[in-house]
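What follows is the content of query09.txt, which has compact mmCIF, C-alpha atoms:
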# COMPACT_ATOMS: atom_id res chain seq x y z
CA MET A 22 57.20 -151.63 -100.04
CA THR A 23 57.78 -155.24 -99.02
CA ASN A 24 56.23 -156.71 -102.20
CA THR A 25 58.33 -154.73 -104.66
CA TYR A 26 59.20 -156.84 -107.68
CA ILE A 27 62.90 -157.01 -108.46
CA PRO A 28 63.49 -158.24 -112.04
CA PRO A 29 65.96 -161.12 -112.31
CA LYS A 30 69.04 -160.84 -114.51
CA VAL A 31 67.36 -163.10 -117.09
CA TRP A 32 63.58 -163.22 -117.52
CA VAL A 33 61.76 -166.54 -117.51
CA PRO A 34 57.97 -167.00 -117.78
CA ASP A 35 56.08 -167.69 -114.57
CA ASN A 36 52.93 -169.52 -115.56
CA ASN A 37 51.88 -169.89 -111.93
CA THR A 38 51.19 -166.18 -111.51
CA SER A 39 50.11 -165.05 -114.98
CA GLY A 40 46.39 -165.69 -114.57
CA LYS A 41 43.88 -167.14 -117.02
CA TRP A 42 46.16 -166.92 -120.03
CA GLY A 43 49.29 -168.20 -118.30
CA SER A 44 48.96 -171.70 -119.72
CA ILE A 45 48.19 -170.43 -123.22
CA ASN A 46 50.65 -167.62 -123.91
CA ARG A 47 54.26 -168.47 -124.64
CA PRO A 48 57.24 -166.35 -125.72
CA VAL A 49 57.59 -168.28 -128.99
CA SER A 50 55.54 -168.37 -132.19
CA GLY A 51 54.47 -171.11 -134.56
CA ALA A 52 52.01 -173.99 -134.72
CA ARG A 53 51.58 -176.23 -131.69
CA TYR A 54 49.49 -178.93 -133.34
CA GLU A 55 48.34 -180.06 -136.77
CA GLN A 56 44.82 -179.18 -137.79
CA ALA A 57 43.48 -177.80 -141.05
CA LEU A 58 40.97 -174.96 -141.05
CA PRO A 59 37.39 -175.61 -142.21
CA VAL A 60 36.44 -174.07 -145.55
CA GLY A 61 33.00 -172.95 -146.69
CA GLU A 62 31.50 -172.14 -150.06
CA HIS A 63 32.07 -168.37 -150.26
CA ASP A 64 35.09 -166.53 -151.59
CA LEU A 65 35.64 -164.84 -148.23
CA GLN A 66 36.59 -167.11 -145.35
CA LEU A 67 36.86 -165.44 -141.93
CA TYR A 68 38.44 -167.10 -138.91
CA SER A 69 37.75 -165.07 -135.83
CA LEU A 70 36.11 -164.48 -132.45
CA ALA A 71 33.78 -161.65 -131.38
CA THR A 72 36.42 -159.69 -129.52
CA PRO A 73 36.59 -155.99 -130.42
CA ASN A 74 39.18 -156.77 -133.11
CA GLY A 75 37.01 -159.54 -134.49
CA GLN A 76 33.89 -157.36 -134.51
CA LYS A 77 35.64 -154.80 -136.70
CA ILE A 78 35.57 -157.25 -139.60
CA THR A 79 32.10 -158.76 -139.17
CA ILE A 80 30.62 -155.28 -138.85
CA MET A 81 32.43 -154.26 -142.04
CA LEU A 82 31.20 -157.33 -143.92
CA GLU A 83 27.59 -156.85 -142.79
CA GLU A 84 27.74 -153.15 -143.72
CA LEU A 85 29.03 -154.14 -147.18
CA LEU A 86 26.16 -156.59 -147.59
CA ALA A 87 23.71 -153.87 -146.50
CA LEU A 88 25.10 -151.73 -149.35
CA GLY A 89 24.29 -154.51 -151.80
CA LYS A 90 27.91 -155.59 -152.28
CA ASP A 91 28.69 -159.21 -153.11
CA ALA A 92 30.48 -159.74 -149.80
CA GLU A 93 28.98 -163.05 -148.68
CA TYR A 94 31.28 -164.85 -146.30
CA ASP A 95 31.77 -167.86 -144.09
CA ALA A 96 32.80 -167.05 -140.52
CA TYR A 97 34.39 -169.80 -138.45
CA LEU A 98 34.96 -169.56 -134.72
CA ILE A 99 38.52 -169.56 -133.40
CA ASP A 100 38.34 -170.12 -129.64
CA ILE A 101 41.47 -168.44 -128.34
CA SER A 102 40.83 -169.69 -124.79
CA LYS A 103 41.39 -173.22 -126.15
CA GLY A 104 44.49 -172.26 -128.13
CA GLU A 105 42.85 -172.78 -131.53
CA GLN A 106 44.86 -169.85 -132.91
CA PHE A 107 47.93 -172.09 -132.67
CA SER A 108 46.71 -174.77 -135.08
CA SER A 109 48.85 -175.35 -138.17
CA GLY A 110 45.99 -174.18 -140.38
CA PHE A 111 45.58 -170.87 -138.58
CA VAL A 112 49.30 -170.19 -138.25
CA LYS A 113 49.59 -170.73 -142.01
CA ILE A 114 47.34 -167.72 -142.67
CA ASN A 115 48.51 -165.67 -139.67
CA PRO A 116 51.98 -166.47 -138.32
CA ASN A 117 51.26 -164.11 -135.40
CA SER A 118 48.43 -166.37 -134.14
CA LYS A 119 45.97 -163.54 -133.51
CA ILE A 120 42.38 -163.20 -134.65
CA PRO A 121 40.95 -162.09 -137.01
CA ALA A 122 42.36 -163.63 -140.17
CA LEU A 123 40.75 -163.69 -143.61
CA VAL A 124 41.29 -165.79 -146.72
CA ASP A 125 40.12 -164.25 -150.00
CA ARG A 126 39.62 -166.90 -152.69
CA SER A 127 38.13 -164.60 -155.33
CA ASP A 128 41.26 -164.71 -157.51
CA SER A 129 43.08 -167.73 -158.88
CA GLN A 130 45.42 -167.75 -155.88
CA GLU A 131 44.20 -167.61 -152.29
CA LEU A 132 45.17 -164.44 -150.45
CA ALA A 133 45.63 -164.54 -146.68
CA VAL A 134 45.04 -161.24 -144.89
CA PHE A 135 45.79 -160.72 -141.20
CA GLU A 136 45.77 -157.76 -138.79
CA SER A 137 42.35 -156.14 -138.50
CA ALA A 138 43.34 -152.83 -140.10
CA SER A 139 44.83 -154.66 -143.07
CA ILE A 140 41.63 -156.67 -143.49
CA LEU A 141 39.50 -153.50 -143.32
CA LEU A 142 41.68 -151.85 -145.98
CA HIS A 143 41.58 -154.94 -148.17
CA LEU A 144 37.79 -155.12 -148.05
CA ALA A 145 37.34 -151.36 -148.55
CA GLU A 146 39.49 -151.41 -151.67
CA LYS A 147 38.07 -154.69 -152.96
CA PHE A 148 34.46 -153.45 -152.74
CA ASP A 149 35.14 -149.74 -153.27
CA ALA A 150 33.31 -148.70 -150.11
CA PHE A 151 33.84 -146.87 -146.81
CA LEU A 152 37.19 -145.44 -147.91
CA PRO A 153 37.23 -142.01 -149.61
CA LYS A 154 39.01 -141.63 -152.93
CA GLU A 155 39.85 -137.96 -152.50
CA ARG A 156 43.36 -137.60 -151.09
CA GLU A 157 42.63 -135.39 -148.09
CA ALA A 158 39.61 -137.37 -146.90
CA ARG A 159 41.47 -140.63 -147.47
CA THR A 160 44.39 -139.38 -145.39
CA HIS A 161 42.05 -138.35 -142.56
CA THR A 162 40.57 -141.86 -142.60
CA PHE A 163 44.03 -143.43 -142.43
CA ASN A 164 45.05 -141.06 -139.63
CA TRP A 165 42.17 -142.20 -137.42
CA LEU A 166 42.35 -145.84 -138.45
CA PHE A 167 45.98 -146.04 -137.36
CA TRP A 168 45.29 -143.88 -134.31
CA LEU A 169 42.94 -146.63 -133.18
CA GLN A 170 45.45 -149.36 -134.01
CA GLY A 171 47.95 -147.61 -131.76
CA SER A 172 45.47 -146.73 -129.02
CA ALA A 173 43.53 -149.97 -128.62
CA PRO A 174 46.43 -151.90 -127.04
CA TYR A 175 46.33 -149.41 -124.14
CA LEU A 176 42.61 -150.10 -123.74
CA GLY A 177 42.68 -153.85 -124.33
CA GLY A 178 46.11 -155.14 -123.44
CA GLY A 179 46.63 -152.51 -120.76
CA PHE A 180 43.48 -151.29 -119.04
CA GLY A 181 41.35 -154.34 -119.80
CA HIS A 182 44.00 -156.78 -118.69
CA PHE A 183 44.73 -155.18 -115.34
CA TYR A 184 41.14 -154.06 -114.59
CA VAL A 185 39.47 -157.37 -115.48
CA TYR A 186 41.79 -160.28 -116.23
CA ALA A 187 44.88 -159.92 -114.05
CA PRO A 188 44.91 -162.39 -111.13
CA GLU A 189 45.64 -159.54 -108.74
CA LYS A 190 44.27 -155.97 -108.80
CA LEU A 191 47.22 -153.57 -108.68
CA ALA A 192 46.75 -149.82 -108.30
CA TYR A 193 49.73 -148.68 -110.35
CA PRO A 194 48.91 -150.36 -113.71
CA ILE A 195 45.16 -149.71 -113.36
CA ASN A 196 45.77 -146.02 -112.68
CA ARG A 197 48.39 -145.80 -115.41
CA PHE A 198 46.16 -147.28 -118.10
CA SER A 199 42.99 -145.54 -116.87
CA MET A 200 44.78 -142.23 -117.35
CA GLU A 201 45.73 -143.13 -120.91
CA VAL A 202 42.30 -144.47 -121.85
CA LYS A 203 40.59 -141.32 -120.57
CA ARG A 204 43.06 -139.20 -122.54
CA GLU A 205 42.20 -141.19 -125.67
CA LEU A 206 38.48 -140.77 -124.99
CA ASP A 207 39.05 -137.03 -124.71
CA VAL A 208 40.89 -137.00 -128.05
CA LEU A 209 38.00 -138.87 -129.66
CA ASP A 210 35.34 -136.72 -127.97
CA LYS A 211 36.86 -133.51 -129.31
CA GLN A 212 37.07 -134.96 -132.82
CA LEU A 213 33.44 -136.08 -132.72
CA ALA A 214 32.37 -132.64 -131.49
CA ARG A 215 33.38 -131.38 -134.94
CA HIS A 216 32.23 -134.27 -137.10
CA GLN A 217 29.38 -136.74 -137.24
CA TYR A 218 31.80 -139.60 -137.77
CA ILE A 219 35.43 -140.03 -136.79
CA ALA A 220 37.13 -139.03 -140.03
CA GLY A 221 34.51 -136.58 -141.24
CA ASP A 222 30.87 -136.48 -142.23
CA LYS A 223 30.71 -139.95 -143.82
CA ILE A 224 31.11 -143.28 -142.11
CA THR A 225 34.40 -145.02 -142.92
CA ILE A 226 36.52 -147.96 -141.90
CA ALA A 227 37.88 -145.73 -139.11
CA ASP A 228 34.45 -145.95 -137.44
CA PHE A 229 34.30 -149.73 -137.95
CA ALA A 230 37.71 -150.07 -136.32
CA THR A 231 37.02 -147.78 -133.37
CA TRP A 232 33.44 -148.58 -132.35
CA PRO A 233 34.04 -152.12 -131.02
CA TRP A 234 36.63 -150.66 -128.65
CA TYR A 235 35.56 -147.17 -127.59
CA GLY A 236 31.92 -147.35 -128.62
CA SER A 237 31.41 -150.52 -126.62
CA LEU A 238 33.35 -149.02 -123.71
CA VAL A 239 31.19 -145.92 -123.34
CA LEU A 240 27.99 -147.95 -123.68
CA GLY A 241 29.09 -150.19 -120.81
CA ASN A 242 29.48 -153.33 -122.92
CA LEU A 243 33.27 -153.61 -122.65
CA TYR A 244 34.80 -154.43 -119.26
CA HIS A 245 31.69 -152.89 -117.58
CA ALA A 246 33.95 -149.94 -116.80
CA ASP A 247 31.67 -147.09 -117.92
CA LYS A 248 31.00 -145.91 -114.35
CA PHE A 249 34.61 -146.38 -113.26
CA LEU A 250 35.87 -144.29 -116.20
CA GLN A 251 32.90 -141.85 -116.14
CA THR A 252 32.35 -142.40 -119.84
CA LYS A 253 29.07 -140.44 -119.88
CA THR A 254 31.13 -137.27 -119.60
CA TYR A 255 32.29 -137.91 -123.17
CA THR A 256 28.97 -136.86 -124.65
CA ASN A 257 30.10 -136.76 -128.28
CA VAL A 258 31.54 -140.25 -128.12
CA GLU A 259 28.32 -141.48 -126.51
CA ARG A 260 26.20 -139.84 -129.23
CA TRP A 261 28.31 -141.48 -131.96
CA ALA A 262 28.36 -144.85 -130.18
CA LYS A 263 24.57 -144.98 -129.82
CA GLU A 264 23.98 -143.91 -133.42
CA LEU A 265 26.22 -146.63 -134.83
CA ALA A 266 24.94 -149.29 -132.44
CA ASP A 267 21.50 -149.04 -134.06
CA ARG A 268 22.73 -149.55 -137.63
CA PRO A 269 21.67 -152.97 -138.98
CA GLY A 270 25.22 -153.79 -140.03
CA PHE A 271 26.48 -153.18 -136.51
CA VAL A 272 23.61 -155.12 -134.93
CA ARG A 273 24.24 -158.09 -137.20
CA GLY A 274 28.02 -157.91 -137.16
CA ARG A 275 28.23 -157.98 -133.37
CA THR A 276 26.50 -161.38 -133.23
CA VAL A 277 28.98 -163.23 -135.45
CA ASN A 278 31.54 -165.55 -133.83
CA ARG A 279 30.02 -164.73 -130.44
CA THR A 280 29.66 -167.45 -127.83
CA GLN A 281 28.55 -165.43 -124.81
CA GLY A 282 25.48 -163.32 -124.09
CA GLU A 283 21.77 -163.80 -124.66
CA ILE A 284 20.80 -166.43 -127.21
CA TRP A 285 19.76 -163.78 -129.75
CA GLU A 286 23.25 -162.26 -129.58
CA LYS A 287 25.18 -165.42 -130.43
CA VAL A 288 26.04 -166.72 -133.91
CA PRO A 289 29.18 -168.82 -133.35
CA GLU A 290 29.45 -169.59 -137.07
CA ARG A 291 27.94 -167.67 -139.96
CA HIS A 292 27.51 -169.07 -143.49
CA ASN A 293 24.55 -167.10 -144.83
CA ALA A 294 22.39 -164.13 -143.90
CA ALA A 295 19.69 -166.36 -142.39
CA ASP A 296 22.10 -167.55 -139.69
CA ILE A 297 21.96 -164.07 -138.19
CA THR A 298 18.37 -163.21 -139.09
CA ASN A 299 16.99 -166.33 -137.41
CA VAL A 300 18.81 -165.59 -134.17
CA LEU A 301 17.85 -161.92 -134.09
CA LYS A 302 14.19 -162.93 -134.37
CA LEU A 303 14.54 -164.37 -130.87
CA LYS A 304 15.30 -160.94 -129.39
CA PRO A 305 12.64 -160.08 -126.77
Could you write out this file's structure as structure tokens?
Amino acid sequence: MTNTYIPPKVWVPDNNTSGKWGSINRPVSGARYEQALPVGEHDLQLYSLATPNGQKITIMLEELLALGKDAEYDAYLIDISKGEQFSSGFVKINPNSKIPALVDRSDSQELAVFESASILLHLAEKFDAFLPKEREARTHTFNWLFWLQGSAPYLGGGFGHFYVYAPEKLAYPINRFSMEVKRELDVLDKQLARHQYIAGDKITIADFATWPWYGSLVLGNLYHADKFLQTKTYTNVERWAKELADRPGFVRGRTVNRTQGEIWEKVPERHNAADITNVLKLKP
């Protein structure tokens, strides 16, 4: 193997071979420039992008609004391809510089919430919705919520990176992560063979967390890898994915902070319900 990589004694970043994100990612944290975040009129201020992790939160918020909860929010776009996650304002609310991040101004002191699972839990407890109170059902929900948090990096940072974004297609990492993603799909498929939703017979934040990753994957919307991974063989996941995709909260939530797709799919910023409704009216 003439191209075998031999690690040096001390690692240094090589931005010439690290692809699209080579000039953005660095091995250090912190703000790179001064810029305050915009602030809207609602108590909930979301700073995000319509990646799978970002969609978790906008779907949750739109589902809360559909329930009649007072969950109005402003959603501002953070363009990670331009490094906007490294502004001083964003780093102040999320020192890890990852979307999504939420600021809750409903109390006297602003509360910054980061990490998508933490935001889902915060909203579920704040609005008393989509999180069971009974101990066993609550534990099942947490089990699957944190299963997703542990599994998604294999799908996104692993499979997605090497299958789509890496500057060179390499068999070993693609095969390695394909194997793991298919194993995870099999885990999910067997769970959904026994239950309508992931954690049981009621929709929970575990579904909101998982659908933007594995639901989108089996429907062919994520990485366009459904044929490559033979996702139609996971019939229970497909049934669940299609059912949730048609819910109004999911339809609306997927449009927020989106900059790509058909015009009726894109709501880069959201400040009231009409922002989404007006765009969805354009759907052919």
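In terms of minimum interatomic distance to Ser69 in chain A, A:Asp95 ranks closest within A:Asp267, A:Glu283, A:Glu84, A:Asp95, counting all atoms listed in the file.
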Query raised in the report: Leaving out Ala71 in chain A and any residue of its chain fewer than 6 positions from it, which residues lie within 8 Å of it when counting only C-alpha atoms, given as a VMD selection string?
Result: chain A and resid 275 to 280
Report task. Would you mind telling me which residue in A:Lys190, A:Lys77, A:Arg291, A:Lys154 lies nearest to Ser139 in chain A when using only C-alpha atoms? Result ->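 Ranked by minimum distance to Ser139 in chain A, first place goes to A:Lys77.
Protein, DNA and RNA residues at most 7 Å from (34.7, -139.4, -130.5), with all atoms listed in the file, are these: A:Leu206, A:Leu209, A:Asp210, A:Lys211, A:Gln212, A:Leu213, A:Ile219, A:Asn257, A:Val258, A:Trp261.
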Report summary line: note - CA of Lys113 in chain A and CA of Ala145 in chain A are separated by 23.8 Å
Please fill the gaps in range 251-281 of chain A so it has N, CA and C atoms, and write that as a compact mmCIF listing (two decimals), in the frame of the given file.
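Just written: part.txt:
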# COMPACT_ATOMS: atom_id res chain seq x y z
N GLN A 251 33.81 -143.00 -115.95
CA GLN A 251 32.90 -141.85 -116.14
C GLN A 251 32.72 -141.55 -117.63
N THR A 252 32.40 -142.57 -118.39
CA THR A 252 32.35 -142.40 -119.84
C THR A 252 31.20 -141.50 -120.30
N LYS A 253 30.17 -141.31 -119.47
CA LYS A 253 29.07 -140.44 -119.88
C LYS A 253 29.50 -138.98 -120.00
N THR A 254 30.65 -138.64 -119.45
CA THR A 254 31.13 -137.27 -119.60
C THR A 254 31.64 -137.00 -121.02
N TYR A 255 31.85 -138.06 -121.78
CA TYR A 255 32.29 -137.91 -123.17
C TYR A 255 31.05 -137.97 -124.06
N THR A 256 30.31 -136.87 -124.05
CA THR A 256 28.97 -136.86 -124.65
C THR A 256 29.00 -137.07 -126.16
N ASN A 257 30.02 -136.59 -126.83
CA ASN A 257 30.10 -136.76 -128.28
C ASN A 257 30.41 -138.20 -128.66
N VAL A 258 31.26 -138.83 -127.88
CA VAL A 258 31.54 -140.25 -128.12
C VAL A 258 30.29 -141.08 -127.87
N GLU A 259 29.55 -140.74 -126.82
CA GLU A 259 28.32 -141.48 -126.51
C GLU A 259 27.29 -141.31 -127.62
N ARG A 260 27.14 -140.09 -128.13
CA ARG A 260 26.20 -139.84 -129.23
C ARG A 260 26.56 -140.70 -130.44
N TRP A 261 27.81 -140.69 -130.82
CA TRP A 261 28.31 -141.48 -131.96
C TRP A 261 28.14 -142.97 -131.71
N ALA A 262 28.46 -143.43 -130.51
CA ALA A 262 28.36 -144.85 -130.18
C ALA A 262 26.93 -145.35 -130.29
N LYS A 263 25.98 -144.57 -129.77
CA LYS A 263 24.57 -144.98 -129.82
C LYS A 263 24.05 -144.98 -131.25
N GLU A 264 24.44 -143.99 -132.03
CA GLU A 264 23.98 -143.91 -133.42
C GLU A 264 24.44 -145.12 -134.21
N LEU A 265 25.70 -145.50 -134.07
CA LEU A 265 26.22 -146.63 -134.83
C LEU A 265 25.67 -147.96 -134.31
N ALA A 266 25.43 -148.04 -133.02
CA ALA A 266 24.94 -149.29 -132.44
C ALA A 266 23.60 -149.71 -133.03
N ASP A 267 22.82 -148.75 -133.51
CA ASP A 267 21.50 -149.04 -134.06
C ASP A 267 21.52 -149.37 -135.55
N ARG A 268 22.65 -149.22 -136.21
CA ARG A 268 22.73 -149.55 -137.63
C ARG A 268 22.60 -151.06 -137.81
N PRO A 269 21.84 -151.52 -138.79
CA PRO A 269 21.67 -152.97 -138.98
C PRO A 269 22.98 -153.72 -139.15
N GLY A 270 23.94 -153.12 -139.85
CA GLY A 270 25.22 -153.79 -140.03
C GLY A 270 25.96 -154.00 -138.73
N PHE A 271 25.84 -153.05 -137.82
CA PHE A 271 26.48 -153.18 -136.51
C PHE A 271 25.73 -154.21 -135.65
N VAL A 272 24.40 -154.16 -135.69
CA VAL A 272 23.61 -155.12 -134.93
C VAL A 272 23.94 -156.54 -135.35
N ARG A 273 23.98 -156.75 -136.67
CA ARG A 273 24.24 -158.09 -137.20
C ARG A 273 25.70 -158.50 -136.98
N GLY A 274 26.60 -157.58 -137.26
CA GLY A 274 28.02 -157.91 -137.16
C GLY A 274 28.46 -158.28 -135.76
N ARG A 275 27.83 -157.70 -134.75
CA ARG A 275 28.23 -157.98 -133.37
C ARG A 275 27.83 -159.39 -132.92
N THR A 276 26.93 -160.04 -133.64
CA THR A 276 26.50 -161.38 -133.23
C THR A 276 27.45 -162.47 -133.73
N VAL A 277 28.22 -162.18 -134.76
CA VAL A 277 28.98 -163.23 -135.45
C VAL A 277 30.21 -163.64 -134.64
N ASN A 278 30.42 -164.96 -134.59
CA ASN A 278 31.54 -165.55 -133.83
C ASN A 278 31.43 -165.25 -132.34
N ARG A 279 30.24 -164.99 -131.88
CA ARG A 279 30.02 -164.73 -130.44
C ARG A 279 29.51 -165.99 -129.76
N THR A 280 30.06 -166.27 -128.59
CA THR A 280 29.66 -167.45 -127.83
C THR A 280 29.07 -167.11 -126.47
N GLN A 281 29.08 -165.84 -126.10
CA GLN A 281 28.55 -165.43 -124.81
C GLN A 281 27.45 -164.39 -124.99
